[in-house]
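K.L.:
Take this structure first; my questions come after.
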Amino acid sequence: MASGDDSFDLEQIPLSEFTERAYLDYSMYVILDRALPHIGDGLKPVQRRIIYAMSELGLDATAKFKKSARTVGDVIGKFHPHGDSACYEAMVLMAQPFSYRYPLIDGQGNWGSTDDPKSFAAMRYTEAKLTPYADVLLGELAQGTADWVPNFDGTLEEPSLLPARLPNVLLNGTTGIAVGMATDIPPHNLREVAQACIHLLDEPKATLDDLCNIIPAPDFPGGGEIITSRADLRALYATGNGTVRLRAKYVTEDGNIIVTALPYQSSGSKILEQIAAQMQAKKLPLIEDLRDESSHETPVRLVLVPRSNRVDVEPLMQHLFATTDLERNYRVNLNVIGADGLPAVYNLRDLLNNWLEYRVSTVRRRLQFRLDKVMARLHVLEGYLIAFLNIDEVIHIIRTEEHPKAVLMVRFGLTDIQADAILDLRLRHLARLEEMRIRGEQAELEKERKALEQTLGSNRRLRNLVRDEIHADMEKFGDARRCEVIEREAAQALAETDLIAAEAVTVVLSTKGWVRAAKGHDLNPRELSFRSGDEYQAAARGKSNQNAVFFDSTGRAYTLPAHGLPSARGLGEPLSGRLTPPEGATFAGVVMAGTRPWVLMASDHGYGFIAEVEELTTKNRAGKAVLSLAPGARVLSPVAFDNPDEEWVACATNSGHLLVFPVAEMPRMARGKGQKIMQIPTNKLRSREEIMQAICVLKPGQELRIYSGNRHLTLKDADQQHYVADRARRGLKLPRGFQRVDRIEAVE
């Protein structure tokens with residue numbers, strides 16, 4: 001166009017205003033035409049077009065299967081000009097019985113599995129037709145119940161909504177993400193939803209509590225247990241927002257745990273991987289083996305084999321519920337496009353009421369459509385009757401007149417429609433019996449007309465008809481609830497120690513700091529084999545689910561779980577690989593936390609205290625300072641015991657002095673140097689000529705065994721009385737031959 005031409009009509013607007021308007025237009029398109037379902041038929045546009053295209057192809061429940069590619073081609077070519085893969089995925093979703101509570105498409109071939117819903121075959125390999133349930137959406141489509149709109153190129157028409165006879169928006173649910181809003185509607189049980197609709201029709205003032213008594217919770221296709229509390233479920237239905245917690249179901253068979261139902265959209269293989277990962281990380285030793293025995297007959301059968309029959313199944317499953325997909329949360333957001341064409345979040349009562357208004361309106365349209373058809377037929381039959389009563393004259397007019405239609409209309413007072421109908425009659429319909437057939441049909445149609453007019457003229461009759469039709473569909477398509485509603489607390493993961501089987505173990509420590517754990521308490525740890533140049537240092541008996549507390553030569557305490565220690569079938573592992581003691585420190589002893597609650601700490605300078613074992617535990621690899629040492633002093637192997645008010649301390653020097661006194665005289669501390677246990681001359685301590693060589697704790701009645709080289713002396717309870725004195729005394733000399741003490745121990 002030549003420069004300076006003013007024929008262009010340009011509008012100048014700010015860029016911000018243009019982008020805002022464009023984005024809002026896009027947002028409304030996504031919300032209304034892609035992501036959110038309509039309250040009427042509960043379908044998104046792509047789903048509606050797939051169902052309609054299949055009905056146009058004649059793929060009803062009684063038809064033969066056709067290739068899915070044929071359906072997808074019709075959908076994207078005629079109604080939905082988008083990608084074929086997205087269209088096919090929407091089609092697959094409606095065919096998967098584990099995704100849809102009431103599938104709309106009957107698929108033949110590989111349509112995916114619960115383990116991998118996306119594993120379906122390409123559309124050129126699969127075949128499909130509609131299910132009987134799809135008739136709930138399509139059955140009344142040809143009865144004047146739908147508004148028809150042009151397709152994307154204006155060459156065809158498609159229904160704007162399908163005339164659903166049941167609230168499919170709740171039955172199959174849906175999920176979708178639009179712009180600035182989303183929807184998450186869980187599936188529900190058809191029988192319960194239908195009964196709630198019937199109740200609302202009978203009792204329009206029914207409360208939300210009444211409806212919640214009929215619809216207690218969603219009903220997912222795979223079953224399971226809904227453990228959300230009744231109060232939370234009611235709040236969900238009252239606001240249209242909330243969460244539902246779904247848990248797997250299991251039984252026990254021959255000591256094994258059999259998982260028989262999984263939460264919605266959970267994968268059995270993924271759950272087994274989650275459990276196996278915990279087992280490999282040694283965080284789940286209660287389970288010995290896993291098996292997937294699922295088959296076509298039993299779609300879900302996961303077998304968990306406990307390590308022993310002593311494993312408590314209930315807390316184990318609680319842990320698995322908390323740490324795997326055996327228990328899941330599902331968001332609920334009842335956001336749909338209402339009858340007014342606008343998106344909104346509905347509570348349960350408003351949602352059902354709005355759908356019932358849509359349904360009553362649909363039935364009214366259907367009845368009016370039928371009434372119009374009946375009236376038109378009665379009008380034609382009236383013309384036929386006039387013709388048959390005057391058959392000879394009618395035939396004469398048709399044979400002789402150049403324009404018989406006009407003559408017939410004038411002669412007999414016929415309308416244009418009646419005259420055309422008479423002229424279109426076939427000769428064989430001119431028989432005498434035809435008059436009787438016309439009068440019979442006329443009587444039947446008059447009866448139907450009267451019934452239709454009565455129903456259309458009475459809201460009560462109309463609502464009763466809707467109720468009866470919902471009840472009929474409920475009887476035809478309804479089934480039992482699959483998800484049990486059992487109020488339970490949300491599962492909590494067990495502490496690591498609670499997951500460990502409580503098996504008897506003996507933790508053995510060598511002088512060079514190598515550690516191992518042997519099963520049982522009946523072995524003699526001194527008889528185990530050790531590495532060359534290494535020997536036995538200390539041992540502690542306890543359970544595999546307890547912690548072992550180690551003490552080093554600097555007076556620090558360290559904690560490691562007993563179940564994580566290497567087996568005694570080998571030579572063990574160095575503690576320095578798991579802990580970080582000070583440079584040059586060696587390990588002096590070990591006790592088990594949880595076996596005996598108290599521990600006696602002492603140095604060879606004759607100082608010490610008692611403490612609770614639990615106060616000495618720590619998660620720090622560097623440990624915690626417990627016993628303070630004087631210069632030149634060394635830590636003695638700590639001694640665990642049960643009762644500080646009843647037991648006795650026995651201590652001996654390397655030169656043969658023995659002292660026995662009540663444990664109650666020892667100070668109770670969490671850390672420090674402690675107080676004097678045994679009197680030793682200072683000059684002998686400095687030169688280490690005499691030190692406190694050994695210490696132990698005796699229960700009443702226990703014997704005390706004293707070792708000196710290859711010999712040992714056993715002191716019974718009465719003999720021990722000779723050495724009893726107050727704490728911090730020198731003690732008395734042992735008999736000749738035992739004046740070089742190596743160690744002492746309590747003997748049952």
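Residues in the structure tokens are named by chain (A, B, ... in the order shown) and by number from 1 within that chain; ligands are numbered from 1 in the order shown.
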Would you please extract all helix (DSSP H, G or I) residues from segment 7-254 of chain A, as assigned by DSSP on the backbone, and give them as a PDB file with C-alpha atoms, in the first residue's frame?
P.N.:
```
ATOM      1  CA  LEU A  15       2.701  -3.140  26.178  1.00  0.00           C
ATOM      2  CA  SER A  16       1.851  -3.955  29.813  1.00  0.00           C
ATOM      3  CA  GLU A  17      -1.876  -3.724  29.064  1.00  0.00           C
ATOM      4  CA  PHE A  18      -1.522  -5.867  25.935  1.00  0.00           C
ATOM      5  CA  THR A  19       0.467  -8.608  27.695  1.00  0.00           C
ATOM      6  CA  GLU A  20      -1.954  -8.588  30.634  1.00  0.00           C
ATOM      7  CA  ARG A  21      -4.942  -8.977  28.313  1.00  0.00           C
ATOM      8  CA  ALA A  22      -3.217 -11.708  26.285  1.00  0.00           C
ATOM      9  CA  TYR A  23      -2.208 -13.632  29.389  1.00  0.00           C
ATOM     10  CA  LEU A  24      -5.728 -13.410  30.851  1.00  0.00           C
ATOM     11  CA  ASP A  25      -7.190 -14.682  27.573  1.00  0.00           C
ATOM     12  CA  TYR A  26      -4.716 -17.578  27.630  1.00  0.00           C
ATOM     13  CA  SER A  27      -5.532 -18.266  31.275  1.00  0.00           C
ATOM     14  CA  MET A  28      -9.256 -18.465  30.639  1.00  0.00           C
ATOM     15  CA  TYR A  29      -8.646 -20.769  27.672  1.00  0.00           C
ATOM     16  CA  VAL A  30      -6.576 -23.169  29.791  1.00  0.00           C
ATOM     17  CA  ILE A  31      -9.085 -23.068  32.644  1.00  0.00           C
ATOM     18  CA  LEU A  32     -12.253 -23.477  30.599  1.00  0.00           C
ATOM     19  CA  ASP A  33     -11.094 -25.478  27.570  1.00  0.00           C
ATOM     20  CA  ARG A  34      -8.341 -27.722  28.800  1.00  0.00           C
ATOM     21  CA  ALA A  35      -7.609 -28.324  32.490  1.00  0.00           C
ATOM     22  CA  PRO A  45     -12.858 -31.155  26.574  1.00  0.00           C
ATOM     23  CA  VAL A  46     -10.375 -33.732  25.249  1.00  0.00           C
ATOM     24  CA  GLN A  47     -12.094 -36.522  27.164  1.00  0.00           C
ATOM     25  CA  ARG A  48     -15.523 -35.412  25.961  1.00  0.00           C
ATOM     26  CA  ARG A  49     -14.334 -35.341  22.352  1.00  0.00           C
ATOM     27  CA  ILE A  50     -12.783 -38.807  22.612  1.00  0.00           C
ATOM     28  CA  ILE A  51     -15.994 -40.295  23.986  1.00  0.00           C
ATOM     29  CA  TYR A  52     -18.139 -38.529  21.372  1.00  0.00           C
ATOM     30  CA  ALA A  53     -15.822 -39.485  18.488  1.00  0.00           C
ATOM     31  CA  MET A  54     -15.947 -43.137  19.563  1.00  0.00           C
ATOM     32  CA  SER A  55     -19.741 -43.044  19.670  1.00  0.00           C
ATOM     33  CA  GLU A  56     -19.766 -41.541  16.158  1.00  0.00           C
ATOM     34  CA  SER A  68      -6.944 -46.825  18.890  1.00  0.00           C
ATOM     35  CA  ALA A  69      -5.159 -44.943  16.111  1.00  0.00           C
ATOM     36  CA  ARG A  70      -8.485 -44.729  14.254  1.00  0.00           C
ATOM     37  CA  THR A  71     -10.123 -43.064  17.235  1.00  0.00           C
ATOM     38  CA  VAL A  72      -7.215 -40.699  17.850  1.00  0.00           C
ATOM     39  CA  GLY A  73      -7.180 -39.742  14.173  1.00  0.00           C
ATOM     40  CA  ASP A  74     -10.877 -38.870  14.247  1.00  0.00           C
ATOM     41  CA  VAL A  75     -10.503 -36.873  17.473  1.00  0.00           C
ATOM     42  CA  ILE A  76      -7.581 -34.705  16.383  1.00  0.00           C
ATOM     43  CA  GLY A  77      -8.821 -34.428  12.785  1.00  0.00           C
ATOM     44  CA  LYS A  78     -12.395 -33.452  13.549  1.00  0.00           C
ATOM     45  CA  PHE A  79     -12.614 -31.981  17.047  1.00  0.00           C
ATOM     46  CA  ASP A  84      -1.780 -37.237  18.990  1.00  0.00           C
ATOM     47  CA  SER A  85       0.327 -38.461  21.936  1.00  0.00           C
ATOM     48  CA  ALA A  86      -1.480 -36.193  24.419  1.00  0.00           C
ATOM     49  CA  CYS A  87      -4.829 -37.314  23.030  1.00  0.00           C
ATOM     50  CA  TYR A  88      -3.855 -40.987  23.216  1.00  0.00           C
ATOM     51  CA  GLU A  89      -2.637 -40.597  26.820  1.00  0.00           C
ATOM     52  CA  ALA A  90      -5.996 -39.107  27.802  1.00  0.00           C
ATOM     53  CA  MET A  91      -7.657 -42.078  26.092  1.00  0.00           C
ATOM     54  CA  VAL A  92      -5.413 -44.552  27.911  1.00  0.00           C
ATOM     55  CA  LEU A  93      -6.238 -42.992  31.281  1.00  0.00           C
ATOM     56  CA  MET A  94      -9.961 -43.562  30.717  1.00  0.00           C
ATOM     57  CA  ALA A  95      -9.259 -47.233  29.912  1.00  0.00           C
ATOM     58  CA  PRO A 132     -21.306 -50.133  29.133  1.00  0.00           C
ATOM     59  CA  TYR A 133     -20.797 -47.367  31.722  1.00  0.00           C
ATOM     60  CA  ALA A 134     -20.171 -44.869  28.891  1.00  0.00           C
ATOM     61  CA  ASP A 135     -23.874 -45.125  28.077  1.00  0.00           C
ATOM     62  CA  VAL A 136     -24.454 -43.067  31.241  1.00  0.00           C
ATOM     63  CA  LEU A 137     -22.877 -40.151  29.355  1.00  0.00           C
ATOM     64  CA  LEU A 138     -24.014 -40.854  25.793  1.00  0.00           C
ATOM     65  CA  ASN A 168     -19.404 -38.542  36.790  1.00  0.00           C
ATOM     66  CA  VAL A 169     -17.380 -35.600  38.125  1.00  0.00           C
ATOM     67  CA  LEU A 170     -17.351 -37.347  41.525  1.00  0.00           C
ATOM     68  CA  LEU A 171     -17.416 -40.958  40.375  1.00  0.00           C
ATOM     69  CA  LEU A 190     -21.267 -44.944  42.451  1.00  0.00           C
ATOM     70  CA  ARG A 191     -23.805 -46.512  44.786  1.00  0.00           C
ATOM     71  CA  GLU A 192     -23.037 -44.032  47.593  1.00  0.00           C
ATOM     72  CA  VAL A 193     -23.089 -40.975  45.321  1.00  0.00           C
ATOM     73  CA  ALA A 194     -26.347 -42.096  43.695  1.00  0.00           C
ATOM     74  CA  GLN A 195     -27.949 -42.629  47.116  1.00  0.00           C
ATOM     75  CA  ALA A 196     -26.817 -39.139  48.168  1.00  0.00           C
ATOM     76  CA  CYS A 197     -28.434 -37.650  45.038  1.00  0.00           C
ATOM     77  CA  ILE A 198     -31.652 -39.557  45.716  1.00  0.00           C
ATOM     78  CA  HIS A 199     -31.617 -38.316  49.311  1.00  0.00           C
ATOM     79  CA  LEU A 200     -31.217 -34.710  48.129  1.00  0.00           C
ATOM     80  CA  LEU A 201     -34.114 -35.139  45.722  1.00  0.00           C
ATOM     81  CA  ASP A 202     -36.311 -36.512  48.510  1.00  0.00           C
ATOM     82  CA  LEU A 208     -23.906 -31.842  54.857  1.00  0.00           C
ATOM     83  CA  ASP A 209     -23.761 -34.259  57.814  1.00  0.00           C
ATOM     84  CA  ASP A 210     -26.608 -36.265  56.262  1.00  0.00           C
ATOM     85  CA  LEU A 211     -24.682 -36.528  53.006  1.00  0.00           C
ATOM     86  CA  CYS A 212     -21.423 -37.444  54.779  1.00  0.00           C
ATOM     87  CA  ASN A 213     -23.240 -40.333  56.432  1.00  0.00           C
ATOM     88  CA  ILE A 214     -24.037 -41.634  52.941  1.00  0.00           C
ATOM     89  CA  ARG A 230     -14.116 -38.507  60.286  1.00  0.00           C
ATOM     90  CA  ALA A 231     -13.708 -34.891  61.386  1.00  0.00           C
ATOM     91  CA  ASP A 232     -11.088 -34.227  58.700  1.00  0.00           C
ATOM     92  CA  LEU A 233     -13.209 -35.919  56.037  1.00  0.00           C
ATOM     93  CA  ARG A 234     -16.214 -33.799  57.001  1.00  0.00           C
ATOM     94  CA  ALA A 235     -14.084 -30.648  56.885  1.00  0.00           C
ATOM     95  CA  LEU A 236     -12.889 -31.705  53.441  1.00  0.00           C
ATOM     96  CA  TYR A 237     -16.449 -32.058  52.134  1.00  0.00           C
ATOM     97  CA  ALA A 238     -17.512 -28.850  53.896  1.00  0.00           C
ATOM     98  CA  THR A 239     -14.824 -26.682  52.282  1.00  0.00           C
TER      99      THR A 239
END
```
K.L.:
Closest to Cys651 of chain A among A:Gly672, A:Gly608, A:Gly632, A:Pro14, using only C-alpha atoms?
P.N.:
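Smallest distance to Cys651 of chain A is found for A:Gly608.
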K.L.:
When distances are computed from only C-alpha atoms, which of A:Arg377, A:Ala387, A:Glu314, A:Phe412 shows the smallest separation from His429 of chain A?
P.N.:
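Nearest to His429 of chain A: A:Ala387.
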K.L.:
Measuring atom to atom with only C-alpha atoms, identify which of A:Arg481, A:Arg729, A:Arg124, A:Arg461 is nearest to Pro216 of chain A.
P.N.:
A:Arg481
K.L.:
Tell me which protein, DNA and RNA residues are within 9 Å of Leu560 of chain A, counting only C-alpha atoms, leaving out same-chain ones fewer than 6 positions away, and put them as a PyMOL selection string.
P.N.:
chain A and resi 546-550+578-579+617-619
K.L.:
Counting only C-alpha atoms, which residues in segment 529-565 of chain A sit no more than 8 Å from segment 493-517 of chain A? For each one, give the nearest pair of atoms and the distance in Å, sorted by chain then residue number, as JSON lines.
P.N.:
```
{"residue": "A:Phe530", "atom": "CA", "partner": "A:Ser510", "partner_atom": "CA", "distance": 7.8}
{"residue": "A:Asp534", "atom": "CA", "partner": "A:Lys512", "partner_atom": "CA", "distance": 6.2}
{"residue": "A:Glu535", "atom": "CA", "partner": "A:Ser510", "partner_atom": "CA", "distance": 5.5}
{"residue": "A:Tyr536", "atom": "CA", "partner": "A:Ser510", "partner_atom": "CA", "distance": 4.6}
{"residue": "A:Gln537", "atom": "CA", "partner": "A:Ser510", "partner_atom": "CA", "distance": 4.5}
{"residue": "A:Ala538", "atom": "CA", "partner": "A:Leu509", "partner_atom": "CA", "distance": 5.2}
{"residue": "A:Ala539", "atom": "CA", "partner": "A:Val508", "partner_atom": "CA", "distance": 4.4}
{"residue": "A:Ala540", "atom": "CA", "partner": "A:Val507", "partner_atom": "CA", "distance": 5.3}
{"residue": "A:Arg541", "atom": "CA", "partner": "A:Thr506", "partner_atom": "CA", "distance": 4.4}
{"residue": "A:Gly542", "atom": "CA", "partner": "A:Val505", "partner_atom": "CA", "distance": 5.6}
{"residue": "A:Lys543", "atom": "CA", "partner": "A:Ala504", "partner_atom": "CA", "distance": 4.6}
{"residue": "A:Ser544", "atom": "CA", "partner": "A:Glu503", "partner_atom": "CA", "distance": 5.2}
{"residue": "A:Asn545", "atom": "CA", "partner": "A:Thr497", "partner_atom": "CA", "distance": 4.9}
{"residue": "A:Gln546", "atom": "CA", "partner": "A:Thr497", "partner_atom": "CA", "distance": 6.6}
{"residue": "A:Ala548", "atom": "CA", "partner": "A:Val507", "partner_atom": "CA", "distance": 7.7}
{"residue": "A:Pro561", "atom": "CA", "partner": "A:Thr497", "partner_atom": "CA", "distance": 7.9}
{"residue": "A:Ala562", "atom": "CA", "partner": "A:Ala517", "partner_atom": "CA", "distance": 7.2}
{"residue": "A:His563", "atom": "CA", "partner": "A:Ile500", "partner_atom": "CA", "distance": 7.3}
{"residue": "A:Leu565", "atom": "CA", "partner": "A:Arg516", "partner_atom": "CA", "distance": 5.8}
```
K.L.:
What residues in segment 94-124 of chain A get the DSSP label strand (DSSP E)? Please answer as a ChimeraX atom specification.
P.N.:
/A:105-108
K.L.:
Which neighbours of Leu385 of chain A fall inside 10 Å, counting only C-alpha atoms, when residues of the same chain fewer than 6 positions from it are skipped, and could you give them as a PyMOL selection string?
P.N.:
chain A and resi 391+422+434-436+438-439+442
K.L.:
Using only N, CA, C and O atoms, please write the residues we just selected to a file, as a PDB file, in the first residue's frame.
P.N.:
```pdb
ATOM      1  N   ILE A 391     -60.715 -41.498   1.116  1.00  0.00           N
ATOM      2  CA  ILE A 391     -59.652 -42.067   0.298  1.00  0.00           C
ATOM      3  C   ILE A 391     -59.912 -41.937  -1.195  1.00  0.00           C
ATOM      4  O   ILE A 391     -59.020 -41.617  -1.978  1.00  0.00           O
ATOM      5  N   ILE A 422     -49.381 -36.971   3.259  1.00  0.00           N
ATOM      6  CA  ILE A 422     -50.340 -37.767   2.482  1.00  0.00           C
ATOM      7  C   ILE A 422     -49.773 -38.064   1.099  1.00  0.00           C
ATOM      8  O   ILE A 422     -49.876 -39.185   0.588  1.00  0.00           O
ATOM      9  N   GLU A 434     -55.224 -50.124   7.591  1.00  0.00           N
ATOM     10  CA  GLU A 434     -54.331 -49.035   7.976  1.00  0.00           C
ATOM     11  C   GLU A 434     -55.038 -48.020   8.865  1.00  0.00           C
ATOM     12  O   GLU A 434     -54.427 -47.407   9.745  1.00  0.00           O
ATOM     13  N   GLU A 435     -56.345 -47.849   8.660  1.00  0.00           N
ATOM     14  CA  GLU A 435     -57.098 -46.921   9.505  1.00  0.00           C
ATOM     15  C   GLU A 435     -57.071 -47.358  10.961  1.00  0.00           C
ATOM     16  O   GLU A 435     -56.901 -46.530  11.872  1.00  0.00           O
ATOM     17  N   MET A 436     -57.185 -48.652  11.215  1.00  0.00           N
ATOM     18  CA  MET A 436     -57.155 -49.174  12.587  1.00  0.00           C
ATOM     19  C   MET A 436     -55.772 -48.964  13.207  1.00  0.00           C
ATOM     20  O   MET A 436     -55.654 -48.602  14.373  1.00  0.00           O
ATOM     21  N   ILE A 438     -53.669 -46.586  12.448  1.00  0.00           N
ATOM     22  CA  ILE A 438     -53.503 -45.153  12.724  1.00  0.00           C
ATOM     23  C   ILE A 438     -54.235 -44.767  14.007  1.00  0.00           C
ATOM     24  O   ILE A 438     -53.698 -44.039  14.858  1.00  0.00           O
ATOM     25  N   ARG A 439     -55.444 -45.271  14.161  1.00  0.00           N
ATOM     26  CA  ARG A 439     -56.200 -44.927  15.365  1.00  0.00           C
ATOM     27  C   ARG A 439     -55.527 -45.512  16.616  1.00  0.00           C
ATOM     28  O   ARG A 439     -55.505 -44.884  17.673  1.00  0.00           O
ATOM     29  N   GLN A 442     -52.541 -43.413  17.327  1.00  0.00           N
ATOM     30  CA  GLN A 442     -53.016 -42.125  17.829  1.00  0.00           C
ATOM     31  C   GLN A 442     -53.360 -42.211  19.308  1.00  0.00           C
ATOM     32  O   GLN A 442     -53.014 -41.322  20.103  1.00  0.00           O
TER      33      GLN A 442
END
```
K.L.:
So that I can see what lies close to segment 57-59 of chain A, please list as a PyMOL selection string the residues with an atom at most 6 Å from it, counting only C-alpha atoms and leaving out residues fewer than 3 positions away in the same chain.
P.N.:
chain A and resi 54+63+129-130
K.L.:
Atom CA of Ala694 of chain A and atom CA of Ile706 of chain A, how far apart in Å?
P.N.:
9.6 Å
K.L.:
Could you work out how far atom CA of Met678 of chain A lies from atom CA of Gly737 of chain A, giving the answer in Å with one decimal?
P.N.:
21.7 Å
K.L.:
Between A:Ile287, A:Leu378, A:Leu334, A:Val244, which has the minimum distance to His319 of chain A (counting only C-alpha atoms)?
P.N.:
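Checking each of A:Ile287, A:Leu378, A:Leu334, A:Val244 against His319 of chain A, counting only C-alpha atoms, the winner is A:Ile287.
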K.L.:
Determine the nearest neighbour of Ile395 of chain A from the options A:Met409, A:Ala728, A:Ile695, A:Leu423, counting only C-alpha atoms.
P.N.:
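The shortest atom-to-atom distance to Ile395 of chain A comes from A:Leu423.
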K.L.:
Point out the residue among A:Asp604, A:Glu273, A:Phe641, A:Ala650 with the least atom-to-atom distance to Arg686 of chain A, counting only C-alpha atoms.
P.N.:
A:Asp604
K.L.:
Determine, counting only C-alpha atoms, which protein, DNA and RNA residues have an atom within 9 Å of an atom of Tyr250 of chain A; residues of the same chain fewer than 2 positions away are not included. Present the result as an NGL selection string.
P.N.:
:A and (248 or 252 or 257-261)
K.L.:
How many Å lie between atom CA of Arg569 of chain A and atom CA of Glu614 of chain A, rounded to one decimal?
P.N.:
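Interatomic distance, atom CA of Arg569 of chain A to atom CA of Glu614 of chain A: 29.2 Å.
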K.L.:
Leaving out His712 of chain A and any residue of its chain fewer than 2 positions from it, which residues lie within 10 Å of it when counting only C-alpha atoms, given as a list of chain:residue names?
P.N.:
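Counting only C-alpha atoms, the residues come to A:Arg705, A:Ile706, A:Tyr707, A:Ser708, A:Gly709, A:Asn710, A:Thr714, A:Leu715, A:Gly737, A:Phe738, A:Val741, A:Asp742, A:Arg743, A:Ile744.
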K.L.:
Write the residues of the preceding selection, restricted to N, CA, C and O atoms, as a tab-separated table (two decimals), in the first residue's frame.
P.N.:
```
chain	number	residue	atom	x	y	z
A	705	ARG	N	36.87	-63.84	92.22
A	705	ARG	CA	38.00	-64.64	91.76
A	705	ARG	C	39.17	-63.72	91.45
A	705	ARG	O	39.03	-62.73	90.73
A	706	ILE	N	40.35	-64.06	92.03
A	706	ILE	CA	41.56	-63.25	91.89
A	706	ILE	C	42.58	-64.06	91.11
A	706	ILE	O	42.85	-65.23	91.44
A	707	TYR	N	43.12	-63.44	90.03
A	707	TYR	CA	44.07	-64.13	89.16
A	707	TYR	C	45.47	-63.56	89.38
A	707	TYR	O	45.66	-62.34	89.42
A	708	SER	N	46.43	-64.48	89.48
A	708	SER	CA	47.83	-64.10	89.61
A	708	SER	C	48.64	-65.10	88.78
A	708	SER	O	48.80	-66.26	89.18
A	709	GLY	N	49.06	-64.66	87.60
A	709	GLY	CA	49.74	-65.59	86.71
A	709	GLY	C	48.79	-66.69	86.28
A	709	GLY	O	47.67	-66.43	85.82
A	710	ASN	N	49.24	-67.95	86.45
A	710	ASN	CA	48.42	-69.08	86.05
A	710	ASN	C	47.53	-69.59	87.19
A	710	ASN	O	46.82	-70.57	87.02
A	714	THR	N	39.61	-68.09	94.80
A	714	THR	CA	38.19	-67.75	94.85
A	714	THR	C	37.78	-67.46	96.28
A	714	THR	O	37.97	-68.30	97.17
A	715	LEU	N	37.26	-66.25	96.51
A	715	LEU	CA	36.79	-65.85	97.84
A	715	LEU	C	35.27	-65.89	97.87
A	715	LEU	O	34.60	-65.20	97.10
A	737	GLY	N	51.42	-65.79	97.59
A	737	GLY	CA	51.24	-66.33	96.24
A	737	GLY	C	50.29	-65.50	95.39
A	737	GLY	O	50.20	-65.71	94.18
A	738	PHE	N	49.55	-64.57	96.02
A	738	PHE	CA	48.62	-63.72	95.28
A	738	PHE	C	48.91	-62.24	95.55
A	738	PHE	O	48.02	-61.42	95.61
A	741	VAL	N	48.79	-59.24	91.75
A	741	VAL	CA	47.46	-59.43	91.15
A	741	VAL	C	47.45	-58.98	89.69
A	741	VAL	O	47.94	-57.90	89.36
A	742	ASP	N	46.90	-59.84	88.81
A	742	ASP	CA	46.72	-59.47	87.40
A	742	ASP	C	45.32	-58.92	87.14
A	742	ASP	O	45.15	-57.91	86.47
A	743	ARG	N	44.30	-59.62	87.65
A	743	ARG	CA	42.93	-59.17	87.45
A	743	ARG	C	42.03	-59.84	88.47
A	743	ARG	O	42.40	-60.87	89.06
A	744	ILE	N	40.84	-59.24	88.64
A	744	ILE	CA	39.82	-59.83	89.50
A	744	ILE	C	38.49	-59.80	88.77
A	744	ILE	O	38.27	-58.97	87.88
```
